[in-house]
Each structure stands twice: as C-alpha cells, then as structure tokens.
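Colleague: The structure follows.
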Amino acid sequence: MSELLSLTRAARLVGVNRAALQKKIQCGEMPSYDGMVSADALLACFPDAQLEENAELARVLQIKERAFGKRVFERALPDAEVLAVRITELSTTLACSQAQVKQFNALINRLWDKLEQMAQDDGKQAMLPSLRMWLKEEVEAAMEPGFSNPLAIRDGMLHVMTAQVTVLPGNQDFLVEGQDTLLEAAMRAGIPLNYGCSGGNCGLCKAKVVSGRVKKTRHHDFALSETEKNQGYILMCSNTAISDVMLEAAVAGSVQDIPFQQIVAKVKSVESLPGNVLLLHLQTPRSQRLRFLAGQRVMLRVGSAYAADLSIASCPCDDRNILFHLHYLSGNLFSEFVFNRLKAGDEVLVEGPHGEFILHEKSARALYFIALDGGFAPIKSLIEHAMSLDAERIDLHWIASTQQNIYMPNVGRAWADALDGFEYRELVAGFDLALVGGKREAQFLNMLEALQSSNPEIVVKDVYLAGPEAAVVLAEKFFLAAGMPKSRVFVETVQ
C-alpha cells in the first residue's frame, strides 16, 4: 500500500475540500483506512490533480478573506527559522531515500549473483528463464527513468509551506500555515480548542506535545513548571509547528464547555446599513478575547444602565473582532443610545456567551439555513463557521418582510459566487414577519410550501431557522409536519 494521508492533507494536495473526499469515501469510490486515504487511491480518483490549478482552494481562501477579514498573503510563508528546519528535515528524508536506493541496487546485484549460482544447479535450471524475465521486467518498471509520483512532489512542497497538527483524543486535524500559532491555525480551521486570553497570560491553552517539533514564536508571561516542560507541555497561543505534530488538548464539544466571560470591548466602528440597521464592530483587548461558539449570543451593556441580548454575527475564528447587527427600535433605551450616541472608541461591556443555536458538526448531512429578517445575524455566524469546516453543501434562503430587510444582500451573493456548493436565494414576503397570523399565516405557509417544492431534498438535510418568534414557530411546525424529526430542525428567535 502507498503512503497514507490524512483527509486534510489529501484534500489540499488535489485541490478540493475535505467534504468532497468524504463523499467519495461514503459512496465507495475511494477506500479509507482509519480516516486516512492512500496516495494511490487519491491519484486514481483525481488523475489530473497534479496538472490543475488549485482553484477550489483559492475560492475558499477568497471567501474566508471576505468573511473573516484576514489577508491571506500576510500568512503565506512561515518565518525563516521554521522554513529552514522544514527544509532540513526534507533533506534528511531525501538522504535516507537515496541510501535506501543504494541498498536496493546492492540487493538487486546480489540477487543476480544468486541467480547465476542457481544456473549451475541442474535441478533448478528449468525455472530460471521465466524467473529471470519476470525479475528483469519488474526492475525495469521500478527504475524507469523520469518516473515520479506527482503527489509525492506536491506533498514535499506542502511540508515546506505547512505543518499538519492532529489533536488527541478526538483526532481532529488542521494545517498550520505561514506564521500562525497553533491556536490561530486551529481556530481558522473551526476547531474550538480551549483557550482564554490568546496572549500567553492565562495558561488555558496549555497542551501536551505527543510527537513532532514546535517552536516558541511569542513571549508568554504564564509560567510552566519544569515538570510540565519535561512532559512536553506548551502554550498553543505562543508556539507554532515546525514539523507534523500530535497534541493532547481540550476541545469544546458543547456550550457547557465555554466559560462565562465579562470583557470590556471598544467600539471599532459603527456602520449604517439599509433597513435602519447598524453594523456594530467591537474589538476586545489583545489579552482578553471572547471565546464562543458560532450562533451564540451575548449581553451588551452601554452607557450607565442600557443592555440588550444580541446574537453574534461573526465567526469564532476571529475572536477579537466581534460583529453585531442592531435594528432600530423606537423607544428602546439601548437602541436609542447606540444609534444616537455610541461612537468609535467607546467602551461596551460584553457578557456571555449563552445560547444553544450552534452548528451540529458531527452531522454529515447538507446544511439548509433560513434567515427571517434579522435572523441573518446568527445564521451568518453559523455559515462562516461551516465554511471553515469545509462543509460540502450550504443553502441559504433569506426571507424578509420587505426588500430593505435584506440589509446585507452582497454577503450572500459573494458566498454564492465564491463557493461551488453554495446556493443563495432571497424572498420578500410583503408583510411583517414578526406579526404573522390569520391571513398572513396562510401566506407565509404558502411561501414555505413553495420553498419545499423547489427543494424537495430539504427533508434529508439539517435545517437552521432564525428570526422573529412568530415566524420561526410557524416555520418549525411546518418542517416537523413535513416529516422532519425535531433533532434536525434547529431554531433561534431574535428581536
């Protein structure tokens, strides 16, 4: 069997996402071995992979840059020391391979000598011609000039540019690119590792290096004991991977694993959107970042006593920059303060997170999101997280009371343009979804029936609904009545 590759590395080598490989495995097109695939099987399924541009990866990077506000080129290369160590390791591997080739040649020569000795034995002469012909053909095929494995070549280059990290005991894996720390790379890949400040002060991101080599790239004030250092413990926020690494580290598996936090953040910007909506951008201190799961909410406190419970509209992968969509509510003290008085540089107290409207990552089903008016905020957070996990298929329907209630249409359109497996549609009800009832209820249900008719496969997907309570309750009942189990319909109400 040829070399076994993790799905993360294999997907990168052939230029597709992990979900595409998982689909081929599930369909029986490509065998897997304990979550790994062989290079031979990969080449058989993607015979032209080495000749193609990595277009899918480029598209995913493009949408991640739009959604997460990251500049890819700033993290394209590791620092010089890490690069030098990786090249040295590849040189060592090359030297070992060359030594093995020499041993192989010597073995072949000894084998030929042995065959010559057998030729002198009358009892063995009859079988020699066919044996020698077979051996000659096999050796010529194996030593054919110019033979190369394109995946081996690309994987060698990938080893120089990135390092693969496997997190135990769950066997989640991700790639460390450029000058990212272990923690930054894991968050970008959608893996919710345990951490606190992200700045080397609290020690919550402590992990044990089981195998591989890491390098400290940032100073940290948290002191590891000598015993911990000897056992291989490091802080993930201050170290990067030099070689492929295996770590023992805590990963959040549910909302119960996320601690309650109180953080004083500052307003970075307040931007007006259509439909009388504000895009509020808060930035936490470098030493105290908000840890949350996509789709959760927090309590914001401004002024002397104004507070509101709001859904986070950004991805956990960028824990320092937190986005919110605020809808103007006449007479609401919090809304009046934010719209009329809040400005860049002001302080906002963030408390939380809370809420259980989160992505169920272990499900292999395609994802169907329905945002109803302001329900786009938590839906946006979930979708950005799903993209970081390389979800195979995502459908987004934004159903709004009026056209202006679709206050960020370019976001959905950009996702659809950038990702092959993303579908985006807008629907305008023409009435207030927060006041659905009577005749309006029948109209809303007709919209859902039309939606299901045009997407009959929705009943085998996971459906995420968010928006005004009246509309969300009706939509949930509709899908349950259509035969979907409650374990596959997830709902969140927003103001």
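Following the order of the structure tokens, chains are lettered A, B, ..., residues in each are numbered from 1, and ligands are numbered from 1.
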Which residues in region 216-306 of chain A does DSSP call helix (DSSP H, G or I)? List them as number ranges by chain.
Modeller: A: 226-230, 255-257
Colleague: Using DSSP secondary structure from the backbone, list all strand (DSSP E or B) positions within region 153-356 of chain A, as a PyMOL selection string.
Modeller: chain A and resi 162-168+172-177+193+206-211+214-216+233-235+239-241+245-248+251+261-273+277-283+297-302+306-311+321-327+347-354
Colleague: Please list as number ranges by chain every residue within 10 Å of Asp257 (chain A), counting only C-alpha atoms and excluding residues in the same chain fewer than 4 positions away.
Modeller: A: 192, 194, 250-253, 292-293
Colleague: My list of candidates is A:Ala364, A:Leu329, A:Leu433, A:Ile394. Which is closest to Gln26 (chain A) when distances are computed with only C-alpha atoms?
Modeller: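 Using only C-alpha atoms, Gln26 (chain A) sits closest to A:Ala364.
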Colleague: For Arg286 (chain A), please output as number ranges by chain all residues within 9 Å (counting only C-alpha atoms; exclusion window: fewer than 5 positions along the same chain).
Modeller: A: 197-199, 320
Colleague: I'd like the interatomic distance between CA of Gln452 (chain A) and CA of Phe479 (chain A), to a tenth of an Å.
Modeller: 9.1 Å
Colleague: Neighbouring residues of region 456-459 of chain A were defined as those with any atom within 8 Å, considering only C-alpha atoms; residues of the same chain fewer than 4 positions away were excluded. Please report them as a ChimeraX atom specification.
Modeller: /A:368,452,463,479,482-484
Colleague: What gap, in Å, lies between CA of Arg365 (chain A) and CA of Asp395 (chain A)?
Modeller: 12.0 Å
Colleague: As an exercise, work out the distance from CA of Glu271 (chain A) to CA of Gly467 (chain A) in Å and give it to one decimal place.
Modeller: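 Computing the Euclidean distance for CA of Glu271 (chain A) and CA of Gly467 (chain A) yields 21.7 Å.
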Colleague: Name the closest residue to Ser269 (chain A) among the candidates A:Leu168, A:Met408, A:Ala163, A:Leu342; distances are taken between atoms, counting only C-alpha atoms.
Modeller: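 Selected residue with least distance to Ser269 (chain A): A:Leu342.
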Colleague: Give the answer as one residue: which of A:Met187, A:Ala475, A:Ala294, A:Leu445 has the shortest atom-to-atom distance to Asp318 (chain A), using only C-alpha atoms?
Modeller: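 So, comparing all the options, the nearest one is A:Met187.
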Colleague: Smallest atom-to-atom distance to Phe339 (chain A): which of A:Leu115, A:Leu278, A:Ala386, A:Leu359, using only C-alpha atoms?
Modeller: A:Leu278
Colleague: Which residues, written as a list in words, have at least one atom at most 12 Å from Tyr407 (chain A), with only C-alpha atoms counted and residues fewer than 5 positions away on the same chain left out?
Modeller: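 Counting only the stated atoms, we get Glu271, Ser272, Leu273, Pro274, Gly275, Asn276, Val277, Leu278, Leu279, His325, Leu326, His327, Ala371, Leu372, Asp373, Gly374, Gly375, Phe376, Ala377, Trp398, Ile399, Ala400, Ser401, Thr402, Gly412 and Glu426 of chain A.
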Colleague: Contacts of Thr8 (chain A) at 9 Å or less, counting only C-alpha atoms, minus same-chain residues fewer than 3 places along, as a PyMOL selection string?
Modeller: chain A and resi 5+11-13+17-18+164+173-175
Colleague: Save the residues we just selected, N, CA and C atoms, as a PDB file, in the first residue's frame?
Modeller:
```pdb
ATOM      1  N   LEU A   5      -2.442   9.242   3.808  1.00  0.00           N
ATOM      2  CA  LEU A   5      -2.529  10.677   4.030  1.00  0.00           C
ATOM      3  C   LEU A   5      -3.796  10.994   4.807  1.00  0.00           C
ATOM      4  N   ALA A  11      -6.855  16.478   0.781  1.00  0.00           N
ATOM      5  CA  ALA A  11      -7.695  17.480   0.135  1.00  0.00           C
ATOM      6  C   ALA A  11      -6.850  18.630  -0.392  1.00  0.00           C
ATOM      7  N   ARG A  12      -5.863  19.054   0.385  1.00  0.00           N
ATOM      8  CA  ARG A  12      -5.002  20.148  -0.051  1.00  0.00           C
ATOM      9  C   ARG A  12      -4.181  19.741  -1.279  1.00  0.00           C
ATOM     10  N   LEU A  13      -3.749  18.488  -1.324  1.00  0.00           N
ATOM     11  CA  LEU A  13      -2.903  18.037  -2.426  1.00  0.00           C
ATOM     12  C   LEU A  13      -3.636  18.044  -3.764  1.00  0.00           C
ATOM     13  N   ASN A  17     -12.074  20.264  -1.183  1.00  0.00           N
ATOM     14  CA  ASN A  17     -12.246  20.345   0.254  1.00  0.00           C
ATOM     15  C   ASN A  17     -12.435  18.950   0.848  1.00  0.00           C
ATOM     16  N   ARG A  18     -12.363  18.884   2.168  1.00  0.00           N
ATOM     17  CA  ARG A  18     -12.475  17.592   2.867  1.00  0.00           C
ATOM     18  C   ARG A  18     -13.813  16.922   2.573  1.00  0.00           C
ATOM     19  N   GLN A 164       1.143  19.739   9.566  1.00  0.00           N
ATOM     20  CA  GLN A 164      -0.150  19.183   9.962  1.00  0.00           C
ATOM     21  C   GLN A 164      -0.153  18.898  11.457  1.00  0.00           C
ATOM     22  N   ASP A 173      -7.831  17.303  12.864  1.00  0.00           N
ATOM     23  CA  ASP A 173      -6.557  17.731  12.298  1.00  0.00           C
ATOM     24  C   ASP A 173      -6.710  19.031  11.528  1.00  0.00           C
ATOM     25  N   PHE A 174      -5.616  19.783  11.452  1.00  0.00           N
ATOM     26  CA  PHE A 174      -5.598  21.053  10.740  1.00  0.00           C
ATOM     27  C   PHE A 174      -4.174  21.337  10.290  1.00  0.00           C
ATOM     28  N   LEU A 175      -4.045  22.305   9.394  1.00  0.00           N
ATOM     29  CA  LEU A 175      -2.738  22.697   8.865  1.00  0.00           C
ATOM     30  C   LEU A 175      -2.339  24.045   9.438  1.00  0.00           C
TER      31      LEU A 175
END
```
Colleague: My list of candidates is A:Tyr233, A:Tyr464, A:Phe369, A:Phe357. Which is closest to Leu396 (chain A) when distances are computed with only C-alpha atoms?
Modeller: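 Checking each candidate against Leu396 (chain A), we get A:Phe369 as the closest.
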Colleague: Smallest atom-to-atom distance to Met161 (chain A): which of A:Arg213, A:Arg86, A:Arg289, A:Arg341, using only C-alpha atoms?
Modeller: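 Among the listed residues, the smallest separation from Met161 (chain A) belongs to A:Arg86.
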